[in-house]
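Data from protein10.cif: mmCIF, C-alpha atoms and all ligand atoms
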data_structure
loop_
_atom_site.label_atom_id
_atom_site.label_comp_id
_atom_site.auth_asym_id
_atom_site.auth_seq_id
_atom_site.Cartn_x
_atom_site.Cartn_y
_atom_site.Cartn_z
CA MET A 1 20.61 -5.15 46.44
CA LYS A 2 19.90 -5.58 42.76
CA LEU A 3 16.92 -7.64 41.70
CA ASP A 4 17.92 -10.59 39.55
CA LYS A 5 14.90 -10.16 37.30
CA LEU A 6 13.49 -6.99 35.84
CA ILE A 7 10.23 -5.80 37.41
CA PRO A 8 8.31 -4.34 34.48
CA PHE A 9 6.28 -1.18 34.87
CA ASN A 10 3.08 -2.92 33.85
CA LYS A 11 1.74 -6.36 32.97
CA PRO A 12 -1.76 -6.84 31.60
CA TYR A 13 -4.06 -9.11 33.63
CA ILE A 14 -4.93 -12.26 31.66
CA ASN A 15 -6.22 -15.49 33.16
CA LYS A 16 -8.01 -18.68 32.15
CA LYS A 17 -11.37 -16.89 31.95
CA THR A 18 -9.91 -14.61 29.29
CA TYR A 19 -9.00 -17.60 27.08
CA ASP A 20 -12.38 -19.25 27.76
CA LEU A 21 -14.49 -16.22 26.94
CA VAL A 22 -12.48 -15.24 23.86
CA SER A 23 -12.76 -18.82 22.64
CA ASN A 24 -16.50 -18.81 23.33
CA SER A 25 -16.93 -15.57 21.43
CA LEU A 26 -15.14 -17.13 18.44
CA ASP A 27 -17.47 -20.15 18.67
CA LEU A 28 -20.46 -17.82 18.48
CA LYS A 29 -19.28 -16.83 14.97
CA SER A 30 -20.32 -13.28 15.55
CA THR A 31 -17.07 -11.36 15.82
CA SER A 32 -17.91 -7.82 14.71
CA GLY A 33 -19.21 -5.10 17.03
CA ASN A 34 -22.43 -4.76 19.07
CA GLY A 35 -22.73 -8.49 19.82
CA THR A 36 -23.37 -10.62 22.90
CA TYR A 37 -20.29 -9.61 24.90
CA THR A 38 -20.54 -5.95 23.93
CA LYS A 39 -24.03 -5.89 25.45
CA LYS A 40 -22.86 -7.71 28.60
CA CYS A 41 -20.06 -5.16 29.12
CA GLN A 42 -22.25 -2.13 28.39
CA ASP A 43 -25.00 -3.37 30.73
CA PHE A 44 -22.45 -3.95 33.46
CA PHE A 45 -21.02 -0.43 33.26
CA GLU A 46 -24.46 1.20 33.04
CA GLN A 47 -25.74 -0.63 36.10
CA LYS A 48 -22.66 -0.61 38.27
CA TYR A 49 -21.61 3.00 37.69
CA ASN A 50 -24.95 4.61 37.00
CA PHE A 51 -24.20 5.77 33.44
CA LYS A 52 -27.33 6.42 31.38
CA LYS A 53 -25.95 4.78 28.24
CA CYS A 54 -22.66 3.17 27.24
CA PHE A 55 -20.98 2.33 23.94
CA LEU A 56 -17.85 0.20 23.70
CA THR A 57 -15.35 1.79 21.33
CA THR A 58 -12.06 0.83 19.72
CA SER A 59 -10.19 3.12 22.15
CA CYS A 60 -10.57 5.99 24.59
CA SER A 61 -9.13 8.23 21.86
CA ASP A 62 -12.04 7.23 19.63
CA ALA A 63 -14.56 7.77 22.43
CA LEU A 64 -13.12 11.30 22.76
CA GLU A 65 -13.53 11.81 19.01
CA MET A 66 -17.16 10.77 19.38
CA CYS A 67 -17.51 13.43 22.10
CA ALA A 68 -16.17 16.11 19.77
CA LEU A 69 -18.67 15.04 17.08
CA LEU A 70 -21.55 14.89 19.56
CA ILE A 71 -21.07 18.38 20.94
CA ASP A 72 -20.74 19.69 17.38
CA ILE A 73 -17.35 21.31 17.66
CA LYS A 74 -16.92 23.99 15.00
CA GLU A 75 -13.90 25.98 13.83
CA GLY A 76 -12.88 28.41 16.55
CA ASP A 77 -14.75 26.80 19.45
CA GLU A 78 -12.59 26.82 22.55
CA VAL A 79 -12.05 23.70 24.65
CA ILE A 80 -10.35 24.00 28.03
CA MET A 81 -8.29 21.04 29.23
CA PRO A 82 -5.27 20.35 31.42
CA SER A 83 -1.85 20.75 29.83
CA TYR A 84 -0.61 17.88 31.98
CA ASN A 85 -2.46 15.41 29.80
CA PHE A 86 -2.28 12.68 27.22
CA VAL A 87 -2.46 13.86 23.58
CA SER A 88 -5.76 12.12 22.83
CA SER A 89 -8.02 14.69 24.52
CA ALA A 90 -6.37 17.46 22.53
CA ASN A 91 -6.30 15.58 19.20
CA ALA A 92 -9.98 14.67 19.31
CA PHE A 93 -11.04 18.32 19.41
CA ILE A 94 -8.25 19.67 17.17
CA LEU A 95 -9.48 17.27 14.48
CA ARG A 96 -12.83 19.13 14.52
CA GLY A 97 -11.20 22.57 14.34
CA ALA A 98 -11.32 23.54 18.01
CA LYS A 99 -8.87 25.89 19.66
CA ILE A 100 -7.32 24.16 22.66
CA ILE A 101 -6.94 26.30 25.78
CA PHE A 102 -4.52 24.67 28.18
CA ALA A 103 -5.14 25.15 31.88
CA ASP A 104 -2.63 24.61 34.65
CA SER A 105 -2.83 21.83 37.24
CA GLU A 106 -3.59 22.34 40.91
CA PRO A 107 -0.44 23.23 42.88
CA ASP A 108 -0.51 19.94 44.78
CA SER A 109 -1.94 17.55 42.16
CA PRO A 110 -1.81 17.00 38.40
CA ASN A 111 -5.60 17.51 38.19
CA ILE A 112 -6.90 20.61 36.40
CA SER A 113 -7.24 23.67 38.64
CA PHE A 114 -10.72 25.12 39.16
CA ASP A 115 -9.35 28.67 39.35
CA GLU A 116 -7.59 28.22 36.01
CA ILE A 117 -10.82 27.06 34.36
CA GLU A 118 -12.70 30.03 35.77
CA LYS A 119 -10.02 32.40 34.48
CA LYS A 120 -9.94 30.91 30.98
CA ILE A 121 -13.65 30.69 30.17
CA THR A 122 -14.68 33.05 27.36
CA LYS A 123 -17.85 33.44 25.27
CA ASN A 124 -16.30 30.93 22.81
CA THR A 125 -15.78 28.17 25.37
CA LYS A 126 -17.72 25.12 24.26
CA ALA A 127 -16.43 22.46 26.65
CA VAL A 128 -14.18 21.62 29.56
CA VAL A 129 -12.40 18.26 29.31
CA LEU A 130 -10.87 17.09 32.56
CA VAL A 131 -8.71 14.10 33.44
CA HIS A 132 -9.00 12.37 36.82
CA TYR A 133 -5.26 11.82 37.10
CA ALA A 134 -4.22 8.50 38.68
CA GLY A 135 -7.92 7.79 39.25
CA LEU A 136 -8.09 10.54 41.87
CA ALA A 137 -11.18 12.71 41.41
CA CYS A 138 -10.89 16.26 40.11
CA ASP A 139 -12.72 19.03 41.98
CA ILE A 140 -15.53 18.09 39.64
CA ILE A 141 -18.61 19.21 41.55
CA ARG A 142 -17.40 22.81 41.58
CA ILE A 143 -16.30 22.51 37.95
CA LYS A 144 -19.71 21.15 36.99
CA GLU A 145 -21.45 24.07 38.69
CA ILE A 146 -19.52 26.65 36.72
CA CYS A 147 -20.07 24.70 33.48
CA LEU A 148 -23.84 24.61 34.11
CA LYS A 149 -23.89 28.31 34.91
CA LYS A 150 -21.98 29.25 31.75
CA ASN A 151 -23.67 26.72 29.47
CA ILE A 152 -20.50 24.74 28.77
CA TYR A 153 -20.32 20.98 28.26
CA LEU A 154 -18.34 18.97 30.78
CA ILE A 155 -16.45 15.91 29.51
CA GLU A 156 -14.61 13.52 31.82
CA ASP A 157 -11.58 11.74 30.40
CA ALA A 158 -11.85 8.93 32.93
CA ALA A 159 -9.18 6.75 31.29
CA HIS A 160 -7.48 6.31 34.69
CA ALA A 161 -10.64 6.26 36.71
CA ILE A 162 -12.44 2.94 36.39
CA ASP A 163 -14.11 1.98 39.69
CA SER A 164 -13.25 5.32 41.27
CA PHE A 165 -15.58 7.76 42.99
CA TYR A 166 -16.20 11.30 44.16
CA LEU A 167 -17.00 11.16 47.87
CA GLU A 168 -19.31 13.62 49.59
CA ASP A 169 -20.85 12.97 53.03
CA ASN A 170 -22.76 9.75 52.49
CA LEU A 171 -22.79 10.12 48.73
CA LYS A 172 -20.48 8.21 46.44
CA GLN A 173 -20.68 9.18 42.76
CA SER A 174 -18.77 7.15 40.18
CA LEU A 175 -16.25 9.09 38.16
CA GLY A 176 -17.56 9.23 34.63
CA SER A 177 -21.16 9.67 35.82
CA ILE A 178 -20.98 13.41 36.51
CA GLY A 179 -20.04 15.09 33.21
CA ASP A 180 -22.34 15.26 30.17
CA LEU A 181 -20.09 12.68 28.52
CA SER A 182 -17.19 10.60 29.72
CA THR A 183 -14.62 8.24 28.28
CA PHE A 184 -12.68 5.24 29.55
CA SER A 185 -9.72 3.29 28.18
CA PHE A 186 -9.12 -0.45 28.16
CA HIS A 187 -5.64 -0.15 26.72
CA GLU A 188 -3.18 -2.77 27.96
CA THR A 189 -1.81 -0.33 30.56
CA LYS A 190 -5.12 0.34 32.34
CA ASN A 191 -6.64 -1.49 35.35
CA ILE A 192 -8.91 -3.59 33.16
CA SER A 193 -8.06 -4.01 29.53
CA CYS A 194 -8.64 -5.82 26.26
CA GLY A 195 -5.46 -4.81 24.43
CA GLU A 196 -6.98 -1.77 22.79
CA GLY A 197 -10.47 -0.61 23.69
CA GLY A 198 -12.54 2.16 25.17
CA LEU A 199 -15.95 3.27 26.35
CA LEU A 200 -18.15 6.29 25.80
CA ALA A 201 -20.51 6.83 28.74
CA ILE A 202 -23.39 9.24 28.26
CA ASN A 203 -25.08 11.01 31.16
CA ASN A 204 -26.81 13.80 29.27
CA GLU A 205 -29.70 11.94 27.60
CA LYS A 206 -29.93 14.29 24.66
CA PHE A 207 -26.80 12.69 23.18
CA ILE A 208 -27.91 9.04 23.31
CA GLU A 209 -29.76 8.71 20.03
CA ARG A 210 -27.16 10.48 17.93
CA ALA A 211 -24.27 8.67 19.62
CA GLU A 212 -25.64 5.34 18.44
CA ILE A 213 -25.68 6.64 14.86
CA ILE A 214 -22.18 8.15 14.99
CA TRP A 215 -20.94 4.88 16.51
CA GLU A 216 -22.39 2.92 13.54
CA LYS A 217 -20.67 4.94 10.78
CA GLY A 218 -23.43 7.51 10.57
CA THR A 219 -26.16 4.95 9.88
CA ASN A 220 -29.30 3.89 11.74
CA ARG A 221 -28.17 0.27 11.67
CA SER A 222 -28.84 -0.28 15.39
CA SER A 223 -32.40 0.88 14.93
CA PHE A 224 -32.72 -1.48 11.94
CA LYS A 225 -31.35 -4.40 13.97
CA ARG A 226 -33.99 -3.74 16.63
CA GLY A 227 -36.68 -3.82 13.91
CA GLU A 228 -37.62 -0.16 14.33
CA VAL A 229 -36.99 0.72 10.67
CA ASN A 230 -37.14 -1.58 7.62
CA LYS A 231 -33.81 -0.53 6.09
CA TYR A 232 -30.71 1.19 7.30
CA GLU A 233 -29.40 4.35 5.75
CA TRP A 234 -26.81 7.07 5.96
CA VAL A 235 -28.38 9.63 8.32
CA ASP A 236 -25.48 11.59 9.86
CA ILE A 237 -21.69 11.76 9.94
CA GLY A 238 -19.90 9.04 11.88
CA SER A 239 -17.18 6.46 11.74
CA SER A 240 -16.40 2.87 12.67
CA PHE A 241 -16.13 3.23 16.42
CA LEU A 242 -17.35 -0.24 17.49
CA LEU A 243 -15.15 -2.66 19.39
CA SER A 244 -14.99 -6.22 18.01
CA ASP A 245 -17.07 -8.60 20.14
CA VAL A 246 -13.97 -10.84 20.51
CA LEU A 247 -12.26 -8.00 22.39
CA ALA A 248 -15.47 -7.36 24.32
CA ALA A 249 -15.26 -11.01 25.49
CA TYR A 250 -11.67 -10.34 26.60
CA LEU A 251 -12.88 -7.25 28.46
CA TYR A 252 -15.77 -9.16 30.06
CA SER A 253 -13.30 -11.64 31.56
CA GLN A 254 -11.72 -8.70 33.36
CA ILE A 255 -15.06 -7.34 34.50
CA LEU A 256 -15.76 -10.71 36.14
CA ASP A 257 -12.51 -10.32 38.10
CA LEU A 258 -12.77 -6.56 38.68
CA LYS A 259 -13.03 -6.87 42.49
CA LYS A 260 -9.97 -9.09 42.66
CA ILE A 261 -7.92 -6.85 40.36
CA GLN A 262 -8.89 -3.68 42.23
CA SER A 263 -8.22 -5.11 45.65
CA LYS A 264 -4.70 -6.21 44.69
CA ARG A 265 -3.84 -2.91 43.02
CA ILE A 266 -5.15 -0.92 45.97
CA LYS A 267 -3.14 -3.12 48.34
CA ILE A 268 0.06 -2.32 46.41
CA TRP A 269 -0.83 1.38 46.26
CA ASN A 270 -1.35 1.51 50.03
CA LYS A 271 1.90 -0.30 50.66
CA TYR A 272 3.84 2.33 48.71
CA TYR A 273 1.88 5.11 50.39
CA ASP A 274 2.41 3.77 53.91
CA ALA A 275 6.12 3.30 53.31
CA PHE A 276 6.62 6.99 52.57
CA LYS A 277 3.83 8.78 54.42
CA LYS A 278 5.63 9.34 57.73
CA ASN A 279 8.83 11.04 56.80
CA SER A 280 9.42 11.33 53.11
CA LEU A 281 13.12 10.61 53.72
CA ASP A 282 14.54 14.06 54.42
CA LYS A 283 11.96 15.58 52.11
CA LYS A 284 13.55 14.09 49.03
CA LEU A 285 10.17 12.91 47.86
CA THR A 286 6.55 14.04 48.10
CA ILE A 287 3.73 11.52 47.94
CA PRO A 288 0.23 12.43 46.73
CA LYS A 289 -1.96 14.30 49.19
CA ILE A 290 -5.36 12.63 49.12
CA LYS A 291 -8.28 15.09 49.34
CA ASN A 292 -11.37 14.30 51.36
CA TYR A 293 -13.46 13.79 48.21
CA GLN A 294 -11.00 11.36 46.59
CA ASN A 295 -10.78 7.58 46.80
CA ILE A 296 -8.01 5.26 45.65
CA ASN A 297 -8.51 2.98 42.64
CA GLY A 298 -4.92 1.79 42.38
CA HIS A 299 -4.35 2.91 38.80
CA ILE A 300 -1.11 4.86 39.25
CA PHE A 301 1.14 5.27 42.26
CA TYR A 302 3.23 8.38 41.76
CA PHE A 303 5.45 10.62 43.82
CA LEU A 304 7.37 13.83 43.14
CA ALA A 305 11.09 14.45 43.34
CA ASN A 306 12.28 17.94 44.28
CA ASN A 307 13.60 18.83 40.83
CA ILE A 308 14.46 17.30 37.46
CA VAL A 309 18.04 16.43 38.47
CA ASP A 310 16.85 14.46 41.50
CA ARG A 311 14.08 12.90 39.44
CA ASN A 312 16.54 11.63 36.85
CA PHE A 313 18.88 10.35 39.55
CA ILE A 314 16.07 8.36 41.22
CA LEU A 315 14.75 7.01 37.90
CA ASN A 316 18.23 5.93 36.81
CA TYR A 317 18.89 4.32 40.18
CA LEU A 318 15.66 2.30 40.02
CA ASN A 319 16.15 1.30 36.39
CA LYS A 320 19.76 0.30 37.06
CA ASN A 321 18.46 -1.94 39.82
CA ASN A 322 15.98 -3.66 37.51
CA ILE A 323 12.89 -1.69 38.49
CA LYS A 324 11.07 -0.19 35.55
CA ALA A 325 9.83 3.07 37.07
CA SER A 326 8.63 5.79 34.72
CA PHE A 327 7.99 9.51 34.35
CA HIS A 328 4.72 10.58 32.73
CA TYR A 329 3.20 13.32 30.56
CA MET A 330 5.23 16.00 28.83
CA SER A 331 3.26 19.20 29.41
CA LEU A 332 1.38 19.73 26.13
CA ASN A 333 1.90 23.52 26.12
CA LYS A 334 5.57 22.76 25.33
CA SER A 335 4.95 20.07 22.70
CA PRO A 336 6.42 20.52 19.20
CA TYR A 337 2.99 20.24 17.56
CA TYR A 338 1.36 22.83 19.80
CA LEU A 339 4.24 25.29 19.48
CA ARG A 340 4.16 25.05 15.70
CA ASN A 341 0.67 26.55 15.80
CA SER A 342 0.55 28.59 18.99
CA SER A 343 2.82 30.65 21.17
CA TYR A 344 4.23 29.50 24.46
CA THR A 345 2.85 30.56 27.80
CA SER A 346 4.24 28.89 30.87
CA LEU A 347 2.10 26.70 33.09
CA GLU A 348 4.10 26.34 36.23
CA ASN A 349 2.48 23.36 37.92
CA SER A 350 1.98 21.29 34.81
CA GLU A 351 5.61 21.77 33.80
CA ARG A 352 6.78 20.90 37.31
CA PHE A 353 4.87 17.60 37.19
CA SER A 354 6.51 16.82 33.84
CA ASP A 355 9.91 17.38 35.42
CA THR A 356 9.49 15.68 38.78
CA LEU A 357 6.85 12.95 38.69
CA ILE A 358 7.78 9.26 38.95
CA ARG A 359 5.40 6.30 38.67
CA LEU A 360 6.20 2.96 40.33
CA PRO A 361 5.25 -0.50 38.99
CA ILE A 362 1.69 -1.50 39.84
CA TYR A 363 -0.19 -4.47 38.38
CA TYR A 364 -2.16 -7.51 39.53
CA ASP A 365 0.69 -10.03 39.18
CA LEU A 366 3.18 -7.97 41.18
CA GLU A 367 3.98 -9.95 44.35
CA ILE A 368 3.86 -8.06 47.64
CA GLN A 369 7.38 -9.26 48.41
CA LYS A 370 8.56 -7.52 45.22
CA VAL A 371 6.81 -4.36 46.35
CA ASP A 372 8.89 -4.56 49.54
CA SER A 373 12.05 -4.81 47.43
CA ILE A 374 11.02 -1.79 45.36
CA ILE A 375 10.45 0.23 48.54
CA TYR A 376 13.80 -0.90 49.93
CA ILE A 377 15.67 0.05 46.77
CA LEU A 378 13.86 3.38 46.51
CA LYS A 379 14.84 4.18 50.09
CA ASN A 380 18.46 3.42 49.19
CA ALA A 381 18.21 5.76 46.23
CA LEU A 382 16.90 8.54 48.47
CA GLU A 383 19.65 7.96 51.02
CA GLU A 384 22.29 8.15 48.33
CA LEU A 385 20.68 11.31 47.01
CA ALA A 386 20.80 12.86 50.48
CA THR A 387 24.57 12.37 50.72
CA LYS A 388 25.28 13.91 47.34
C1 LIG A 401 -4.67 5.93 28.11
C2 LIG A 401 -5.26 7.28 28.01
C3 LIG A 401 -5.93 7.73 26.87
C4 LIG A 401 -5.96 6.96 25.58
O1 LIG A 401 -6.53 5.75 25.67
P1 LIG A 401 -6.57 4.81 24.39
O2 LIG A 401 -7.60 3.80 24.78
O3 LIG A 401 -5.21 4.24 24.24
O4 LIG A 401 -6.98 5.63 23.24
C5 LIG A 401 -6.54 8.98 26.89
N1 LIG A 401 -6.48 9.76 27.96
C6 LIG A 401 -5.82 9.39 29.08
C7 LIG A 401 -5.80 10.30 30.25
C8 LIG A 401 -5.18 8.14 29.12
O5 LIG A 401 -4.50 7.79 30.22
#

How would this structure read if it were set down as structure tokens?
Ligand SMILES: *Cc1c(COP(=O)(O)O)cnc(C)c1O
Amino acid sequence: MKLDKLIPFNKPYINKKTYDLVSNSLDLKSTSGNGTYTKKCQDFFEQKYNFKKCFLTTSCSDALEMCALLIDIKEGDEVIMPSYNFVSSANAFILRGAKIIFADSEPDSPNISFDEIEKKITKNTKAVVLVHYAGLACDIIRIKEICLKKNIYLIEDAAHAIDSFYLEDNLKQSLGSIGDLSTFSFHETKNISCGEGGLLAINNEKFIERAEIIWEKGTNRSSFKRGEVNKYEWVDIGSSFLLSDVLAAYLYSQILDLKKIQSKRIKIWNKYYDAFKKNSLDKKLTIPKIKNYQNINGHIFYFLANNIVDRNFILNYLNKNNIKASFHYMSLNKSPYYLRNSSYTSLENSERFSDTLIRLPIYYDLEIQKVDSIIYILKNALEELATK
């Protein structure tokens, strides 16, 4: 069975509300940053997810750059982060002169390993930056404890983790609310988006005042706008990190439909999971093992092939049959940029995820009947693989 129309890997969610709110924001004739819709979005995130203070930014990459400025990264400071990672977390700190220390993933998940962090902390470690891969929580409570004990900042790159939680007995803590600082992405490929956009969430209050200044190009313009000072001046370093209010209106349309978007994505995720949880077809594929502290936010559904040859076979089979499946990160410890400046040390788990991980299409508009077809075709691929 070949599908007659290509199923893309991702499609951004856009509906009538998006057009209405963007149009309304244009009517307001206030299109730069920190306007009506920016405030609506920031208030929503602060209240719903218990962040102390939020700033909408032009991207998650920029929110990460704000983090590096806020924690005052200096030449030679060490920042520990997973090697199985997007480049933005590394770039943000490299730009300030940090030395990146790559840590391996857990054996059974792309998330950063606690033991690796513990092993790699030195007296120069300034921060740990973790990524909640696929929206599944890292072992963050233990990681936070060691960071507190050693006086190290904890930053959550929560780009995958909107509306996701760390579960503990009766407690449910939103991802992004546990580290000193955290960042989200509203890039087209994320659960809720505005084309390009991001969020800096602050939980450690000592950063709030300075963040507002860095956000506004190093000026106290926000303070001036509130009438607290009678002129605004250059008071610190900073840049233009504000999201246009037109894009904030776009984002707000998604916030209004967040429940709907999440419930559809989670439904698709569960359908994939259920299809392969019993027998992973002669062990040709391994699906994620969900830990007791993790919940599902439907950002990424991934599975692992047994090796790179099998992975490429499955990917080719799906793509040939009009299903746009995809691999993911190239382990950063093997990247051309990193190797130009540092020597190679192997990180077994991270490299294995680069070689074997496959992501399946998941987005709001994907019909459940198409999900059934994807599962059917994937099962065929695995059967063919088994007879090879
Ligand atoms: C998408 C993503 C980013 C970058 O987000 P932008 O908003 O495009 O800058 C950073 N980190 C992770 C883990 C991501 O998935």

At most 10 Å from ligand LIG 401 (chain A) (all atoms listed in the file): residue list as a count of residues only: 46

Do a neighbour search on segment 98-110 of chain A at 7 Å with only C-alpha atoms, toss out local chain neighbours closer than 6 positions, and write the hits as a PDB file with C-alpha atoms, keeping the file's coordinate frame.
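Below is the file that was written, part-v3.pdb:
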ATOM      1  CA  ILE A  73     -17.350  21.310  17.660  1.00  0.00           C
ATOM      2  CA  LYS A  74     -16.920  23.990  15.000  1.00  0.00           C
ATOM      3  CA  GLU A  75     -13.900  25.980  13.830  1.00  0.00           C
ATOM      4  CA  GLY A  76     -12.880  28.410  16.550  1.00  0.00           C
ATOM      5  CA  ASP A  77     -14.750  26.800  19.450  1.00  0.00           C
ATOM      6  CA  GLU A  78     -12.590  26.820  22.550  1.00  0.00           C
ATOM      7  CA  VAL A  79     -12.050  23.700  24.650  1.00  0.00           C
ATOM      8  CA  ILE A  80     -10.350  24.000  28.030  1.00  0.00           C
ATOM      9  CA  MET A  81      -8.290  21.040  29.230  1.00  0.00           C
ATOM     10  CA  PRO A  82      -5.270  20.350  31.420  1.00  0.00           C
ATOM     11  CA  SER A  83      -1.850  20.750  29.830  1.00  0.00           C
ATOM     12  CA  TYR A  84      -0.610  17.880  31.980  1.00  0.00           C
ATOM     13  CA  ALA A  90      -6.370  17.460  22.530  1.00  0.00           C
ATOM     14  CA  GLU A 116      -7.590  28.220  36.010  1.00  0.00           C
ATOM     15  CA  ILE A 117     -10.820  27.060  34.360  1.00  0.00           C
ATOM     16  CA  TYR A 133      -5.260  11.820  37.100  1.00  0.00           C
ATOM     17  CA  ASN A 333       1.900  23.520  26.120  1.00  0.00           C
ATOM     18  CA  LEU A 347       2.100  26.700  33.090  1.00  0.00           C
ATOM     19  CA  ASN A 349       2.480  23.360  37.920  1.00  0.00           C
ATOM     20  CA  SER A 350       1.980  21.290  34.810  1.00  0.00           C
ATOM     21  CA  PHE A 353       4.870  17.600  37.190  1.00  0.00           C
TER      22      PHE A 353
END

So that I can see what lies close to segment 364-371 of chain A, please list as a ChimeraX atom specification the residues with an atom at most 8 Å from it, counting only C-alpha atoms and leaving out residues fewer than 6 positions away in the same chain. /A:11-13,261,264-265,268,271-272

Those same residues, written as a compact mmCIF listing (two decimals), keeping the file's coordinate frame with C-alpha atoms?
# COMPACT_ATOMS: atom_id res chain seq x y z
CA LYS A 11 1.74 -6.36 32.97
CA PRO A 12 -1.76 -6.84 31.60
CA TYR A 13 -4.06 -9.11 33.63
CA ILE A 261 -7.92 -6.85 40.36
CA LYS A 264 -4.70 -6.21 44.69
CA ARG A 265 -3.84 -2.91 43.02
CA ILE A 268 0.06 -2.32 46.41
CA LYS A 271 1.90 -0.30 50.66
CA TYR A 272 3.84 2.33 48.71

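Minimum atom-to-atom distances from A:Asn321, A:Ser174, A:Ser182, A:Asn151 to Gln47 of chain A were compared using all atoms listed in the file, and the lowest value belongs to A:Ser174.
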
Can you pull out the residues contacting segment 231-246 of chain A? Cut-off 7 Å, using only C-alpha atoms, and skip same-chain residues under 6 positions away; I want them as a list in words. Val22, Ser25, Leu26, Thr31, Ser32, Gly33, Asn34, Gly35, Tyr37, Thr38, Leu56, Thr57, Thr58, Asp62, Gly197, Ile213, Ile214, Trp215, Glu216, Lys217, Gly218, Thr219, Asn220, Arg221 and Phe224 of chain A

Go ahead and dump the residues you just picked, C-alpha atoms, as a short mmCIF file (atom, residue, chain, number, x, y, z; two decimals), keeping the file's coordinate frame.
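Dumped everything to selection.cif:
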data_model
loop_
_atom_site.label_atom_id
_atom_site.label_comp_id
_atom_site.auth_asym_id
_atom_site.auth_seq_id
_atom_site.Cartn_x
_atom_site.Cartn_y
_atom_site.Cartn_z
CA VAL A 22 -12.48 -15.24 23.86
CA SER A 25 -16.93 -15.57 21.43
CA LEU A 26 -15.14 -17.13 18.44
CA THR A 31 -17.07 -11.36 15.82
CA SER A 32 -17.91 -7.82 14.71
CA GLY A 33 -19.21 -5.10 17.03
CA ASN A 34 -22.43 -4.76 19.07
CA GLY A 35 -22.73 -8.49 19.82
CA TYR A 37 -20.29 -9.61 24.90
CA THR A 38 -20.54 -5.95 23.93
CA LEU A 56 -17.85 0.20 23.70
CA THR A 57 -15.35 1.79 21.33
CA THR A 58 -12.06 0.83 19.72
CA ASP A 62 -12.04 7.23 19.63
CA GLY A 197 -10.47 -0.61 23.69
CA ILE A 213 -25.68 6.64 14.86
CA ILE A 214 -22.18 8.15 14.99
CA TRP A 215 -20.94 4.88 16.51
CA GLU A 216 -22.39 2.92 13.54
CA LYS A 217 -20.67 4.94 10.78
CA GLY A 218 -23.43 7.51 10.57
CA THR A 219 -26.16 4.95 9.88
CA ASN A 220 -29.30 3.89 11.74
CA ARG A 221 -28.17 0.27 11.67
CA PHE A 224 -32.72 -1.48 11.94
#

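What separates atom CA of Leu6 of chain A from atom CA of Ile374 of chain A is a distance of 11.1 Å.
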
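Using all atoms listed in the file, the nearest neighbour of Leu382 of chain A within the list A:Trp269, A:Tyr153, A:Tyr49, A:Phe276 is A:Phe276.
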
Within 12 Å of file point (18.5, 17.6, 51.3), counting only C-alpha atoms, expressed as a ChimeraX atom specification: /A:280-285,305-307,310,382-388

Could you tell me how far atom CA of Ser346 of chain A sits from atom CA of Leu315 of chain A, in Å to one decimal place? 25.3 Å

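Here atom CA of Gln262 of chain A stands at a distance of 6.7 Å from atom CA of Asn297 of chain A.
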
Starting from 3 Å padding per side, set up an axis-aligned box that covers all listed atoms of segment 227-241 of chain A and hand over centre and edge lengths in Å, one decimal, as lines of an AutoDock Vina configuration file.
center_x = -26.9
center_y = 4.0
center_z = 11.1
size_x = 27.5
size_y = 21.6
size_z = 16.7
